[in-house]
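Asks: Got a structure for you, start_21.txt, holding compact mmCIF, C-alpha atoms.
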# COMPACT_ATOMS: atom_id res chain seq x y z
CA MET A 10 -78.28 -37.99 26.97
CA LYS A 11 -75.37 -40.31 27.53
CA SER A 12 -75.22 -40.95 23.80
CA LEU A 13 -74.94 -37.21 23.11
CA ARG A 14 -72.16 -36.83 25.65
CA PHE A 15 -70.34 -39.76 24.11
CA ARG A 16 -70.62 -38.23 20.67
CA ILE A 17 -69.32 -34.88 21.94
CA LYS A 18 -66.35 -36.56 23.61
CA THR A 19 -65.69 -38.58 20.47
CA ILE A 20 -65.76 -35.49 18.24
CA ALA A 21 -63.59 -33.55 20.72
CA GLY A 22 -61.11 -36.42 20.77
CA ILE A 23 -60.98 -36.51 16.97
CA LEU A 24 -60.46 -32.75 16.87
CA LEU A 25 -57.65 -32.96 19.42
CA VAL A 26 -55.93 -35.74 17.46
CA THR A 27 -56.36 -33.79 14.22
CA LEU A 28 -55.02 -30.58 15.77
CA SER A 29 -52.10 -32.48 17.28
CA ALA A 30 -51.26 -34.03 13.93
CA ALA A 31 -51.56 -30.65 12.22
CA GLY A 32 -49.35 -29.09 14.87
CA ILE A 33 -46.69 -31.78 14.43
CA PHE A 34 -46.83 -31.37 10.64
CA TYR A 35 -46.52 -27.58 10.91
CA TRP A 36 -43.62 -27.90 13.36
CA GLU A 37 -41.74 -30.27 11.12
CA SER A 38 -42.47 -28.39 7.88
CA ALA A 39 -42.19 -24.75 8.97
CA GLY A 40 -42.43 -24.18 12.71
CA ARG A 41 -39.02 -25.63 13.55
CA GLU A 42 -37.43 -23.37 10.94
CA LEU A 43 -39.24 -20.29 12.25
CA VAL A 44 -38.26 -20.96 15.86
CA MET A 45 -34.78 -22.52 15.54
CA MET A 46 -33.50 -21.32 12.14
CA THR A 47 -32.75 -17.91 10.65
CA PRO A 48 -32.53 -16.97 6.94
CA VAL A 49 -29.31 -15.43 5.60
CA LEU A 50 -27.98 -14.41 2.20
CA VAL A 51 -25.49 -16.84 0.66
CA SER A 52 -23.66 -17.04 -2.65
CA ALA A 53 -25.57 -19.00 -5.27
CA ARG A 54 -22.33 -20.02 -7.00
CA ASP A 55 -18.57 -19.63 -6.73
CA ILE A 56 -17.88 -15.89 -7.09
CA GLU A 57 -14.32 -15.19 -8.18
CA GLU A 58 -12.13 -12.43 -6.79
CA GLY A 59 -12.98 -9.11 -8.45
CA GLU A 60 -16.35 -10.27 -9.83
CA MET A 61 -19.35 -7.99 -9.45
CA ILE A 62 -22.24 -9.38 -7.37
CA LEU A 63 -25.39 -9.64 -9.49
CA PRO A 64 -28.95 -10.38 -8.23
CA GLU A 65 -28.77 -13.98 -9.49
CA ASP A 66 -25.56 -14.53 -7.49
CA LEU A 67 -27.48 -14.33 -4.19
CA ALA A 68 -29.71 -16.94 -2.57
CA VAL A 69 -31.49 -17.33 0.80
CA LEU A 70 -30.57 -20.21 3.10
CA SER A 71 -32.00 -20.96 6.55
CA LEU A 72 -29.38 -21.95 9.13
CA PRO A 73 -29.37 -22.72 12.86
CA PHE A 74 -28.81 -19.59 14.94
CA ASP A 75 -25.43 -20.81 16.18
CA ALA A 76 -24.23 -21.35 12.60
CA VAL A 77 -24.88 -17.77 11.46
CA VAL A 78 -21.66 -15.75 11.27
CA THR A 79 -21.44 -12.28 12.77
CA GLY A 80 -22.49 -9.62 10.29
CA ALA A 81 -24.14 -12.03 7.85
CA LEU A 82 -26.50 -10.22 5.48
CA ARG A 83 -30.19 -11.13 5.74
CA PRO A 84 -33.04 -11.15 3.23
CA GLY A 85 -33.78 -7.49 2.53
CA ASP A 86 -30.07 -6.61 2.52
CA GLU A 87 -29.59 -7.54 -1.15
CA LYS A 88 -28.85 -3.94 -2.16
CA LYS A 89 -25.89 -3.92 0.22
CA ALA A 90 -24.26 -6.66 -1.89
CA GLN A 91 -25.49 -6.14 -5.44
CA GLY A 92 -23.05 -4.14 -7.55
CA MET A 93 -20.19 -4.72 -5.10
CA LEU A 94 -17.02 -6.64 -5.98
CA ALA A 95 -15.74 -9.76 -4.23
CA LYS A 96 -12.49 -9.10 -2.37
CA ASP A 97 -11.56 -12.79 -2.58
CA LEU A 98 -13.10 -16.03 -3.82
CA ILE A 99 -16.55 -16.56 -2.26
CA PRO A 100 -17.43 -20.28 -2.50
CA ALA A 101 -20.97 -21.35 -3.34
CA ARG A 102 -23.40 -21.34 -0.36
CA GLN A 103 -21.04 -19.12 1.64
CA GLN A 104 -22.74 -16.63 3.96
CA ILE A 105 -22.29 -13.07 2.67
CA VAL A 106 -20.67 -10.55 5.03
CA ALA A 107 -20.06 -6.90 4.14
CA SER A 108 -16.32 -7.28 4.85
CA MET A 109 -16.09 -9.73 1.91
CA LEU A 110 -17.09 -6.98 -0.52
CA ARG A 111 -15.60 -3.78 -1.84
CA THR A 112 -16.68 -0.99 -4.12
CA GLU A 113 -15.18 -0.51 -7.54
CA ASP A 114 -13.74 2.83 -6.39
CA SER A 115 -11.40 0.99 -4.04
CA LEU A 116 -9.56 -0.32 -7.11
CA PHE A 117 -8.06 3.12 -7.53
CA SER A 118 -5.08 4.54 -5.71
CA PRO A 119 -4.90 8.31 -5.16
CA GLY A 120 -4.66 10.12 -8.50
CA GLU A 121 -5.75 7.12 -10.57
CA THR A 122 -8.71 6.95 -12.90
CA VAL A 123 -9.74 5.14 -16.10
CA PHE A 124 -8.21 6.06 -19.48
CA CYS A 125 -8.77 4.47 -22.88
CA LEU A 126 -6.11 2.98 -25.16
CA GLU A 127 -7.82 3.31 -28.52
CA SER A 128 -7.72 0.47 -31.02
CA GLU A 129 -5.78 2.46 -33.65
CA TRP A 130 -2.87 2.81 -31.22
CA ILE A 131 -2.55 -0.89 -30.42
CA TYR A 132 -0.26 -3.00 -32.59
CA SER A 133 -0.73 -6.28 -30.74
CA ARG A 134 -2.81 -7.70 -27.88
CA PRO A 135 -3.77 -11.30 -27.01
CA ALA A 136 -7.44 -12.30 -27.08
CA SER A 137 -7.00 -13.85 -23.62
CA LEU A 138 -6.91 -10.48 -21.84
CA CYS A 139 -9.60 -10.11 -19.18
CA SER A 140 -10.86 -7.18 -17.16
CA GLY A 141 -8.89 -7.03 -13.93
CA ASP A 142 -5.65 -8.33 -15.47
CA VAL A 143 -2.46 -6.36 -14.97
CA LEU A 144 -1.29 -5.39 -18.45
CA SER A 145 2.20 -4.51 -19.62
CA VAL A 146 2.33 -1.78 -22.27
CA TYR A 147 5.42 -1.75 -24.54
CA ARG A 148 6.70 0.24 -27.48
CA PRO A 149 7.83 -1.74 -30.56
CA ASP A 150 11.47 -1.09 -29.58
CA GLY A 151 10.85 -3.11 -26.39
CA GLU A 152 10.69 -0.22 -23.92
CA LEU A 153 8.18 -0.86 -21.15
CA LEU A 154 5.81 2.10 -20.77
CA GLY A 155 4.25 0.70 -17.61
CA ASN A 156 2.08 -1.96 -15.98
CA TYR A 157 -1.59 -1.04 -15.61
CA ARG A 158 -4.76 -2.82 -14.52
CA ALA A 159 -7.37 -3.39 -17.23
CA ALA A 160 -10.66 -1.77 -16.21
CA TYR A 161 -12.80 -2.61 -19.24
CA LEU A 162 -12.33 -4.34 -22.59
CA ARG A 163 -14.66 -3.56 -25.48
CA ASN A 164 -15.28 -5.04 -28.92
CA GLY A 165 -15.89 -3.19 -32.18
CA ASN A 166 -19.51 -2.54 -31.16
CA GLU A 167 -18.30 -0.92 -27.92
CA GLN A 168 -19.78 -3.80 -25.90
CA PRO A 169 -17.85 -5.02 -22.83
CA ILE A 170 -16.20 -8.44 -23.24
CA ASN A 171 -13.96 -10.81 -21.29
CA ALA A 172 -15.22 -10.19 -17.75
CA PRO A 173 -12.79 -11.00 -14.90
CA ARG A 174 -11.58 -14.61 -14.97
CA ARG A 175 -8.50 -14.30 -12.84
CA GLY A 176 -8.75 -17.86 -11.55
CA ASP A 177 -8.13 -19.34 -15.00
CA SER A 178 -4.79 -20.21 -16.49
CA LEU A 179 -3.99 -17.82 -19.34
CA LEU A 180 -3.85 -20.77 -21.76
CA ASP A 181 -7.23 -22.09 -20.61
CA ARG A 182 -9.14 -18.87 -21.14
CA GLY A 183 -11.69 -18.29 -23.84
CA SER A 184 -12.61 -14.99 -25.48
CA ASP A 185 -15.95 -13.29 -26.03
CA GLY A 186 -14.71 -11.59 -29.19
CA ILE A 187 -12.01 -9.42 -30.72
CA ILE A 188 -10.71 -6.81 -28.29
CA GLU A 189 -10.66 -3.29 -29.70
CA ASP A 190 -10.53 -0.58 -27.02
CA ILE A 191 -8.78 -1.25 -23.72
CA GLU A 192 -9.48 0.97 -20.72
CA ILE A 193 -6.76 1.00 -18.07
CA VAL A 194 -6.43 2.31 -14.54
CA CYS A 195 -3.58 4.81 -14.27
CA THR A 196 -2.69 8.37 -13.33
CA ALA A 197 -3.02 11.27 -15.75
CA GLU A 198 0.79 11.52 -15.82
CA ASP A 199 1.09 7.88 -16.91
CA TYR A 200 -1.54 8.34 -19.61
CA PHE A 201 0.09 11.48 -20.98
CA ALA A 202 3.41 9.61 -21.07
CA ILE A 203 1.76 6.99 -23.28
CA LEU A 204 0.34 9.74 -25.51
CA GLU A 205 3.79 11.33 -25.73
CA SER A 206 5.23 7.99 -26.82
CA ILE A 207 2.59 7.76 -29.56
CA ARG A 208 3.37 11.33 -30.68
CA ALA A 209 7.11 10.59 -30.76
CA HIS A 210 6.44 7.50 -32.83
CA GLU A 211 4.46 9.54 -35.36
CA GLU A 212 7.19 12.19 -35.53
CA LYS A 213 9.76 9.49 -36.19
CA LEU A 214 7.66 8.20 -39.08
CA ILE A 215 7.32 11.70 -40.52
CA ALA A 216 11.06 12.33 -40.19
CA GLY A 217 11.70 9.10 -42.07
CA GLY A 218 9.42 10.20 -44.90
CA SER A 219 6.71 7.66 -44.14
CA TYR A 220 3.05 8.34 -44.75
CA ILE A 221 1.24 7.83 -41.43
CA SER A 222 -1.36 5.23 -42.27
CA ALA A 223 -3.66 3.79 -39.65
CA ASP A 224 -1.53 0.64 -39.47
CA LEU A 225 1.76 2.52 -39.08
CA LYS A 226 0.24 4.57 -36.26
CA ARG A 227 -0.19 1.43 -34.16
CA CYS A 228 2.71 1.45 -31.73
CA LEU A 229 1.52 -0.11 -28.43
CA ILE A 230 2.12 -3.77 -27.66
CA ILE A 231 -0.11 -5.10 -24.87
CA CYS A 232 0.36 -8.32 -22.93
CA VAL A 233 -0.65 -9.77 -19.57
CA ALA A 234 1.96 -8.90 -16.95
CA ALA A 235 4.11 -11.79 -15.77
CA GLU A 236 2.53 -11.98 -12.30
CA ASP A 237 -0.92 -12.43 -13.89
CA ALA A 238 0.16 -14.82 -16.65
CA ILE A 239 0.04 -18.00 -14.55
So that I can check it, write out the structure of this file as structure tokens.

Replies:
Amino acid sequence: MKSLRFRIKTIAGILLVTLSAAGIFYWESAGRELVMMTPVLVSARDIEEGEMILPEDLAVLSLPFDAVVTGALRPGDEKKAQGMLAKDLIPARQQIVASMLRTEDSLFSPGETVFCLESEWIYSRPASLCSGDVLSVYRPDGELLGNYRAAYLRNGNEQPINAPRRGDSLLDRGSDGIIEDIEIVCTAEDYFAILESIRAHEEKLIAGGSYISADLKRCLIICVAAEDAI
């Protein structure tokens, strides 16, 4: 009888030690995090100003409660960030807060929308242009037609190229291909003024007896505005 009691106590002791060890292991591996940490969404990389947030740009990081900033997005809030644009540089592993983000519509001032400068109008443009740059549009006689923000740049296959890289020096930039169409943000009045300049250019060619070939029709000179050319 005593032997049976001894065995029961021994087994119970072993079970208690095992459960204690398992409890300590669970606490150290997961329990501490569940009780003292909270998961938040952070940036998986440096996200530049104006860049669109993509699914792969977000990661989950567990932080102590007192380290979580007010309004930090949590797992399950990914749709609140994806497709939004960064207002400013978001460093890697930075907690994501809604106030850091903006919609693309907020790029537009009242009356502005996106218009296309077609490739056959453009006489010259540098390959270093990027979406988001402020562009200066000139006539060949040097008259400035206006400064406009580039919304989208497309190649000959109508594929978008040269995504925003506003942090780079103009001379350090690369190019994804030859820029054909340039879409700019401007008012309808500004766009029609550009069209009127193109029409006046054609009329001048006709008055001079020139045949309007596709090359002669090109009359817009595009460059990065001085404030963006650093």

Asks: Which value, in Å to one decimal, gives the distance between CA of Arg54 (chain A) and CA of Pro84 (chain A)?

Replies: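 Taking CA of Arg54 (chain A) and CA of Pro84 (chain A), their separation equals 17.3 Å.
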
Asks: What is the CA of Gly80 (chain A)-CA of Ser108 (chain A) distance in Å, reported with one decimal?

Replies: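 If I compute the distance from CA of Gly80 (chain A) to CA of Ser108 (chain A), I get 8.6 Å.
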
Asks: Could you tell me how far CA of Glu58 (chain A) lies from CA of Leu98 (chain A), in Å and to one decimal?

Replies: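 If I compute the distance from CA of Glu58 (chain A) to CA of Leu98 (chain A), I get 4.8 Å.
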
Asks: Restricting the calculation to all atoms listed in the file: of A:Ala95, A:Ala160, A:Ala172, A:Leu144, which residue gets closest to Asp185 (chain A)?

Replies: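 Ranking A:Ala95, A:Ala160, A:Ala172, A:Leu144 by distance to Asp185 (chain A), first place goes to A:Ala172.
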
Asks: Determine the nearest neighbour of Leu63 (chain A) from the options A:Gln91, A:Thr79, A:Thr112, A:Thr47, counting all atoms listed in the file.

Replies: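 Going through A:Gln91, A:Thr79, A:Thr112, A:Thr47 one by one, the smallest distance to Leu63 (chain A) is for A:Gln91.
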
Asks: So that all listed atoms of region 58-77 of chain A fit with 3 Å spare on each side, what axis-aligned box centre and edge lengths in Å, to one decimal, would you give as lines of an AutoDock Vina configuration file?

Replies:
center_x = -22.1
center_y = -15.4
center_z = 3.2
size_x = 25.9
size_y = 20.7
size_z = 32.0

Asks: Which is closer to Glu205 (chain A) than all the others in A:Arg148, A:Glu57, A:Ile62, A:Met109, using all atoms listed in the file?

Replies: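 Under the stated criterion, the closest residue is A:Arg148.
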
Asks: For a quick check of understanding, using all atoms listed in the file, which of A:Val146, A:Ala107, A:Ala197, A:Leu180 has the smallest distance to Gly120 (chain A)?

Replies: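 Answer, going by the shortest atom-to-atom distance: A:Ala197.
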
Asks: Using all atoms listed in the file, pick whichever of A:Ile230, A:Leu162, A:Val123, A:Leu50 has the shortest atom-to-atom distance to Ser137 (chain A).

Replies: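 Among the listed residues, the smallest separation from Ser137 (chain A) belongs to A:Leu162.
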
Asks: Restricting the calculation to all atoms listed in the file, which member of A:Ile56, A:Val51, A:Leu70, A:Leu153 is positioned closest to Ala234 (chain A)?

Replies: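 Ranking A:Ile56, A:Val51, A:Leu70, A:Leu153 by distance to Ala234 (chain A), first place goes to A:Leu153.
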